[in-house]
>>> print(open('protein_10.cif').read())   # mmCIF, C-alpha atoms
data_upload
loop_
_atom_site.label_atom_id
_atom_site.label_comp_id
_atom_site.auth_asym_id
_atom_site.auth_seq_id
_atom_site.Cartn_x
_atom_site.Cartn_y
_atom_site.Cartn_z
CA MET A 26 -4.15 -10.10 5.98
CA ALA A 27 -2.09 -9.31 2.91
CA ILE A 28 1.09 -7.24 2.70
CA ASP A 29 2.37 -5.77 -0.55
CA SER A 30 4.15 -2.73 -1.95
CA SER A 31 3.60 -0.59 -5.00
CA GLY A 32 5.46 2.27 -6.62
CA LEU A 33 4.14 5.82 -6.72
CA GLY A 34 5.79 8.09 -9.24
CA ILE A 35 7.06 11.58 -8.55
CA ARG A 36 6.76 14.18 -11.25
CA ARG A 37 9.53 16.69 -10.77
CA ARG A 38 8.70 18.63 -13.90
CA SER A 39 6.33 17.97 -16.74
CA ARG A 40 7.44 16.66 -20.09
CA TRP A 41 6.07 19.74 -21.85
CA TYR A 42 8.06 22.07 -19.60
CA SER A 43 11.24 20.14 -20.40
CA ILE A 44 10.58 20.43 -24.14
CA ARG A 45 9.76 24.12 -23.85
CA ILE A 46 13.04 25.01 -22.13
CA HIS A 47 14.96 22.86 -24.67
CA SER A 48 16.24 20.33 -22.20
CA SER A 49 15.85 16.63 -22.57
CA PRO A 50 13.16 15.01 -20.39
CA SER A 51 14.59 13.32 -17.34
CA LYS A 52 15.14 9.60 -17.76
CA LYS A 53 15.76 9.18 -14.05
CA ARG A 54 13.02 7.04 -12.59
CA ASP A 55 12.37 8.61 -9.24
CA PHE A 56 9.56 7.04 -7.23
CA ARG A 57 8.42 6.13 -3.73
CA LYS A 58 7.26 2.73 -2.49
CA LEU A 59 3.98 2.47 -0.63
CA HIS A 60 3.88 -0.61 1.61
CA LEU A 61 0.38 -1.71 2.70
CA ALA A 62 -0.98 -4.20 5.21
CA SER A 63 -4.64 -4.75 4.36
CA GLU A 64 -7.44 -7.22 4.90
CA CYS A 65 -7.97 -9.55 1.97
CA ARG A 66 -10.78 -11.82 3.16
CA GLY A 67 -13.56 -9.59 4.50
CA LYS A 68 -15.94 -7.51 2.42
CA ASP A 69 -14.76 -4.16 3.75
CA LYS A 70 -10.99 -4.71 3.12
CA PRO A 71 -9.51 -1.85 5.19
CA ILE A 72 -5.84 -0.88 5.21
CA TYR A 73 -4.47 -1.57 8.69
CA SER A 74 -1.06 0.04 8.36
CA TRP A 75 1.13 1.65 5.72
CA THR A 76 4.58 3.09 5.29
CA LEU A 77 6.27 5.10 2.55
CA THR A 78 9.91 4.48 1.62
CA SER A 79 12.25 5.48 -1.18
CA GLY A 80 12.22 3.34 -4.30
CA ALA A 81 15.63 1.82 -3.58
CA ARG A 82 14.61 0.27 -0.23
CA HIS A 83 13.96 -3.45 0.08
CA ASP A 84 10.48 -4.68 1.06
CA SER A 85 11.50 -7.09 3.81
CA PRO A 86 12.25 -4.57 6.63
CA SER A 87 8.98 -2.75 5.93
CA PHE A 88 7.12 -6.05 6.36
CA ARG A 89 8.20 -6.18 10.00
CA THR A 90 7.26 -2.54 10.58
CA LEU A 91 3.79 -3.06 9.13
CA LEU A 92 3.12 -6.17 11.20
CA LYS A 93 4.21 -4.55 14.45
CA ARG A 94 1.72 -1.71 13.89
CA VAL A 95 -1.25 -4.09 13.57
CA HIS A 96 -3.08 -4.80 16.84
CA GLY A 97 -5.24 -7.87 17.44
CA GLU A 98 -5.36 -11.21 15.65
CA ILE A 99 -3.58 -11.31 12.33
CA GLY A 100 -4.61 -14.77 11.06
CA ASP A 101 -3.08 -15.83 7.75
CA VAL A 102 -0.57 -13.37 6.31
CA CYS A 103 -0.13 -13.39 2.53
CA ALA A 104 2.85 -11.68 0.95
CA ASP A 105 4.93 -11.97 -2.20
CA LYS A 106 8.49 -13.23 -2.57
CA ALA A 107 9.99 -9.79 -1.90
CA ASP A 108 8.95 -10.25 1.74
CA SER A 109 10.06 -13.84 2.12
CA CYS A 110 12.75 -14.36 4.71
CA ARG A 111 13.08 -16.41 7.85
CA GLU A 112 12.76 -13.39 10.17
CA ASN A 113 9.41 -12.39 8.67
CA ALA A 114 8.01 -15.92 8.86
CA THR A 115 9.13 -16.21 12.49
CA LEU A 116 7.53 -12.87 13.38
CA VAL A 117 4.21 -13.88 11.81
CA SER A 118 4.15 -17.19 13.68
CA ARG A 119 5.14 -15.45 16.95
CA MET A 120 2.19 -13.08 16.53
CA GLY A 121 -0.19 -16.01 16.14
CA GLY A 122 -0.55 -16.09 12.37
CA ARG A 123 0.44 -18.39 9.53
CA PRO A 124 2.80 -17.05 6.86
CA PHE A 125 1.93 -17.60 3.20
CA LEU A 126 4.76 -16.17 1.15
CA MET A 127 3.79 -16.80 -2.44
CA PRO A 128 4.75 -15.38 -5.84
CA ARG A 129 1.71 -13.10 -6.17
CA SER A 130 -0.11 -11.50 -3.30
CA ASN A 131 -3.79 -10.77 -2.72
CA ALA A 132 -2.92 -7.23 -1.64
CA GLU A 133 -2.32 -6.21 -5.24
CA SER A 134 -6.07 -5.60 -5.58
CA THR A 135 -5.90 -3.02 -2.77
CA ASN A 136 -2.92 -1.32 -4.43
CA ALA A 137 -4.73 -1.31 -7.78
CA SER A 138 -7.90 0.22 -6.33
CA LEU A 139 -5.88 2.88 -4.47
CA LYS A 140 -3.95 3.81 -7.63
CA GLY A 141 -7.07 3.69 -9.78
CA LYS A 142 -9.02 6.05 -7.53
CA TYR A 143 -6.31 8.52 -6.48
CA GLY A 144 -3.74 8.20 -9.28
CA GLU A 145 -0.28 6.70 -9.40
CA PHE A 146 1.69 9.93 -9.00
CA LEU A 147 2.36 12.02 -5.91
CA ARG A 148 1.79 15.72 -6.40
CA SER A 149 3.78 16.92 -3.39
CA ARG A 150 7.44 17.82 -3.77
CA ARG A 151 8.79 17.42 -0.25
CA TRP A 152 9.20 14.11 1.56
CA HIS A 153 7.06 14.92 4.62
CA MET A 154 4.27 16.29 2.42
CA GLN A 155 4.37 13.14 0.30
CA GLU A 156 3.89 11.10 3.48
CA ARG A 157 0.91 13.25 4.43
CA GLU A 158 -0.56 12.92 0.95
CA VAL A 159 -0.31 9.13 1.07
CA GLY A 160 -1.75 9.10 4.60
CA LEU A 161 -4.78 11.10 3.45
CA ARG A 162 -5.26 8.72 0.53
CA VAL A 163 -5.25 5.74 2.89
CA ILE A 164 -7.68 7.40 5.31
CA SER A 165 -10.09 8.33 2.52
CA HIS A 166 -9.83 4.80 1.10
CA ASN A 167 -10.75 3.31 4.48
CA ILE A 168 -13.67 5.73 4.93
CA ARG A 169 -14.94 4.95 1.43
CA ARG A 170 -14.76 1.20 2.10
CA LEU A 171 -16.50 1.58 5.47
CA ILE A 172 -19.37 3.58 3.94
CA ARG A 173 -19.81 1.04 1.13
CA TYR A 174 -19.76 -1.86 3.57
CA THR A 175 -22.35 -0.17 5.84
CA ILE A 176 -24.65 0.53 2.89
CA ARG A 177 -24.36 -3.09 1.71
CA GLN A 178 -25.33 -4.36 5.16
CA GLU A 179 -28.37 -2.05 5.30
CA VAL A 180 -29.52 -3.18 1.86
CA GLU A 181 -29.15 -6.83 2.87
CA LEU A 182 -31.28 -6.17 5.99
CA LEU A 183 -34.04 -4.62 3.86
CA ASP A 184 -34.20 -7.63 1.53
#
>>> encode(input="protein_10.cif", output="structure tokens")
Amino acid sequence: MAIDSSGLGIRRRSRWYSIRIHSSPSKKRDFRKLHLASECRGKDKPIYSWTLTSGARHDSPSFRTLLKRVHGEIGDVCADKADSCRENATLVSRMGGRPFLMPRSNAESTNASLKGKYGEFLRSRRWHMQEREVGLRVISHNIRRLIRYTIRQEVELLD
């Protein structure tokens, strides 16, 4: 299992609209953080749990939330240095896994595929709608991966 976070931008108003009304474009970098716990070893690579936080939040508390939502064996847990603390390592070992807190995580590929397919900006304006939007992205990602994995297995059986 791999745990990582990635930023999703929020577009409050477009750059063209700001130019048109003669105001300077906003330099404030407002974004949300999407924290993912996903499989990194299997071929299907589903997302087991996710949470959305503001951009100013630290990654370490979300690590614990994500792990507590996962049911079953967790095995090896890979995460980057933002998640490295004694509490997280203890929680992983208590749940029966081995913590690997390294500089770069394997979950970045899941974040990259999610952003590549569905974009790196949230279109919703309100917080609860942004959570729903991210939830739908995660569900559609898992369904897409499941369909691809099932088709691969059927093709391998035919060969």
>>> resolve_selection(input="protein_10.cif", expression="the PyMOL selection byres ((chain A and resi 76-92) around 7)", output="PyMOL selection string")
chain A and resi 56-62+74-75+93-95+107-108+113+156
>>> atom_distance(input="protein_10.cif", atom1="CA of Arg170 in chain A", atom2="CA of Thr135 in chain A")
11.0 Å
>>> resolve_selection(input="protein_10.cif", expression="the PyMOL selection byres ((chain A and resi 117) around 9)", output="list in words")
Arg89, Leu92, Ile99, Gly100, Asp101, Val102, Glu112, Asn113, Ala114, Thr115, Leu116, Ser118, Arg119, Met120, Gly121, Gly122, Arg123 and Pro124 of chain A
>>> residues_around(input="protein_10.cif", residues="Lys70 in chain A", least_positions_apart="2", cutoff="9 Å", atoms="all atoms listed in the file", output="list in words")
Ser63, Glu64, Cys65, Arg66, Gly67, Lys68, Ile72, Thr135, Asn167, Arg170 and Leu171 of chain A
>>> closest_residue(input="protein_10.cif", among="A:Leu126, A:Phe146, A:Leu183, A:Ser30", to="Ala104 in chain A", atoms="all atoms listed in the file")
A:Leu126
>>> atom_distance(input="protein_10.cif", atom1="CA of Ile35 in chain A", atom2="CA of Ser138 in chain A")
18.9 Å
>>> atom_distance(input="protein_10.cif", atom1="CA of Ala137 in chain A", atom2="CA of Gly34 in chain A")
14.2 Å
>>> resolve_selection(input="protein_10.cif", expression="the PyMOL selection byres ((chain A and resi 140) around 12)", output="number ranges by chain")
A: 30-34, 59, 133-139, 141-147, 159, 162-163, 166
>>> closest_residue(input="protein_10.cif", among="A:Ile164, A:Ile28, A:Ile44, A:Leu182", to="Asp105 in chain A", atoms="all atoms listed in the file")
A:Ile28
>>> axis_aligned_box(input="protein_10.cif", around="range 170-184 of chain A", padding_each_side="4 Å", output="JSON")
{"center_x": -24.5, "center_y": -2.0, "center_z": 3.6, "size_x": 27.4, "size_y": 19.2, "size_z": 12.9}
>>> build_atoms(input="protein_10.cif", residues="range 73-107 of chain A", atoms="N, CA and C atoms", output="tab-separated table (two decimals), keeping the file's coordinate frame")
chain	number	residue	atom	x	y	z
A	73	TYR	N	-4.80	-1.64	7.27
A	73	TYR	CA	-4.47	-1.57	8.69
A	73	TYR	C	-3.26	-0.70	8.98
A	74	SER	N	-2.24	-0.79	8.16
A	74	SER	CA	-1.06	0.04	8.36
A	74	SER	C	-0.37	0.26	7.02
A	75	TRP	N	0.42	1.31	6.95
A	75	TRP	CA	1.13	1.65	5.72
A	75	TRP	C	2.43	2.35	6.08
A	76	THR	N	3.35	2.33	5.15
A	76	THR	CA	4.58	3.09	5.29
A	76	THR	C	5.08	3.47	3.91
A	77	LEU	N	5.75	4.59	3.82
A	77	LEU	CA	6.27	5.10	2.55
A	77	LEU	C	7.79	5.12	2.64
A	78	THR	N	8.45	4.52	1.65
A	78	THR	CA	9.91	4.48	1.62
A	78	THR	C	10.39	4.93	0.26
A	79	SER	N	11.69	5.13	0.14
A	79	SER	CA	12.25	5.48	-1.18
A	79	SER	C	12.20	4.24	-2.07
A	80	GLY	N	12.33	4.45	-3.35
A	80	GLY	CA	12.22	3.34	-4.30
A	80	GLY	C	13.35	2.33	-4.20
A	81	ALA	N	14.48	2.72	-3.64
A	81	ALA	CA	15.63	1.82	-3.58
A	81	ALA	C	15.59	0.89	-2.37
A	82	ARG	N	14.67	1.10	-1.45
A	82	ARG	CA	14.61	0.27	-0.23
A	82	ARG	C	14.02	-1.10	-0.53
A	83	HIS	N	14.47	-2.09	0.22
A	83	HIS	CA	13.96	-3.45	0.08
A	83	HIS	C	12.64	-3.58	0.85
A	84	ASP	N	11.80	-4.52	0.45
A	84	ASP	CA	10.48	-4.68	1.06
A	84	ASP	C	10.51	-5.39	2.41
A	85	SER	N	11.49	-6.23	2.63
A	85	SER	CA	11.50	-7.09	3.81
A	85	SER	C	11.51	-6.33	5.15
A	86	PRO	N	12.31	-5.30	5.35
A	86	PRO	CA	12.25	-4.57	6.63
A	86	PRO	C	10.91	-3.87	6.86
A	87	SER	N	10.28	-3.41	5.80
A	87	SER	CA	8.98	-2.75	5.93
A	87	SER	C	7.90	-3.73	6.35
A	88	PHE	N	8.05	-4.99	5.97
A	88	PHE	CA	7.12	-6.05	6.36
A	88	PHE	C	7.03	-6.11	7.88
A	89	ARG	N	8.17	-6.10	8.54
A	89	ARG	CA	8.20	-6.18	10.00
A	89	ARG	C	7.57	-4.94	10.64
A	90	THR	N	7.84	-3.79	10.07
A	90	THR	CA	7.26	-2.54	10.58
A	90	THR	C	5.75	-2.57	10.48
A	91	LEU	N	5.24	-3.00	9.34
A	91	LEU	CA	3.79	-3.06	9.13
A	91	LEU	C	3.12	-4.02	10.10
A	92	LEU	N	3.72	-5.18	10.29
A	92	LEU	CA	3.12	-6.17	11.20
A	92	LEU	C	3.11	-5.70	12.64
A	93	LYS	N	4.15	-5.02	13.07
A	93	LYS	CA	4.21	-4.55	14.45
A	93	LYS	C	3.18	-3.47	14.74
A	94	ARG	N	2.73	-2.77	13.71
A	94	ARG	CA	1.72	-1.71	13.89
A	94	ARG	C	0.30	-2.26	13.98
A	95	VAL	N	0.09	-3.51	13.57
A	95	VAL	CA	-1.25	-4.09	13.57
A	95	VAL	C	-1.53	-4.67	14.96
A	96	HIS	N	-2.68	-4.31	15.52
A	96	HIS	CA	-3.08	-4.80	16.84
A	96	HIS	C	-4.19	-5.82	16.67
A	97	GLY	N	-4.20	-6.84	17.51
A	97	GLY	CA	-5.24	-7.87	17.44
A	97	GLY	C	-4.75	-9.09	16.69
A	98	GLU	N	-5.70	-9.98	16.37
A	98	GLU	CA	-5.36	-11.21	15.65
A	98	GLU	C	-5.00	-10.90	14.21
A	99	ILE	N	-3.96	-11.56	13.71
A	99	ILE	CA	-3.58	-11.31	12.33
A	99	ILE	C	-3.99	-12.43	11.40
A	100	GLY	N	-4.17	-13.64	11.90
A	100	GLY	CA	-4.61	-14.77	11.06
A	100	GLY	C	-3.55	-15.13	10.04
A	101	ASP	N	-3.99	-15.48	8.83
A	101	ASP	CA	-3.08	-15.83	7.75
A	101	ASP	C	-2.51	-14.56	7.13
A	102	VAL	N	-1.22	-14.55	6.91
A	102	VAL	CA	-0.57	-13.37	6.31
A	102	VAL	C	-0.03	-13.76	4.94
A	103	CYS	N	-0.57	-13.14	3.91
A	103	CYS	CA	-0.13	-13.39	2.53
A	103	CYS	C	0.82	-12.28	2.10
A	104	ALA	N	1.89	-12.65	1.46
A	104	ALA	CA	2.85	-11.68	0.95
A	104	ALA	C	3.56	-12.28	-0.26
A	105	ASP	N	4.23	-11.45	-1.04
A	105	ASP	CA	4.93	-11.97	-2.20
A	105	ASP	C	6.38	-12.32	-1.84
A	106	LYS	N	7.13	-12.74	-2.84
A	106	LYS	CA	8.49	-13.23	-2.57
A	106	LYS	C	9.45	-12.13	-2.12
A	107	ALA	N	9.12	-10.88	-2.36
A	107	ALA	CA	9.99	-9.79	-1.90
A	107	ALA	C	10.05	-9.74	-0.38
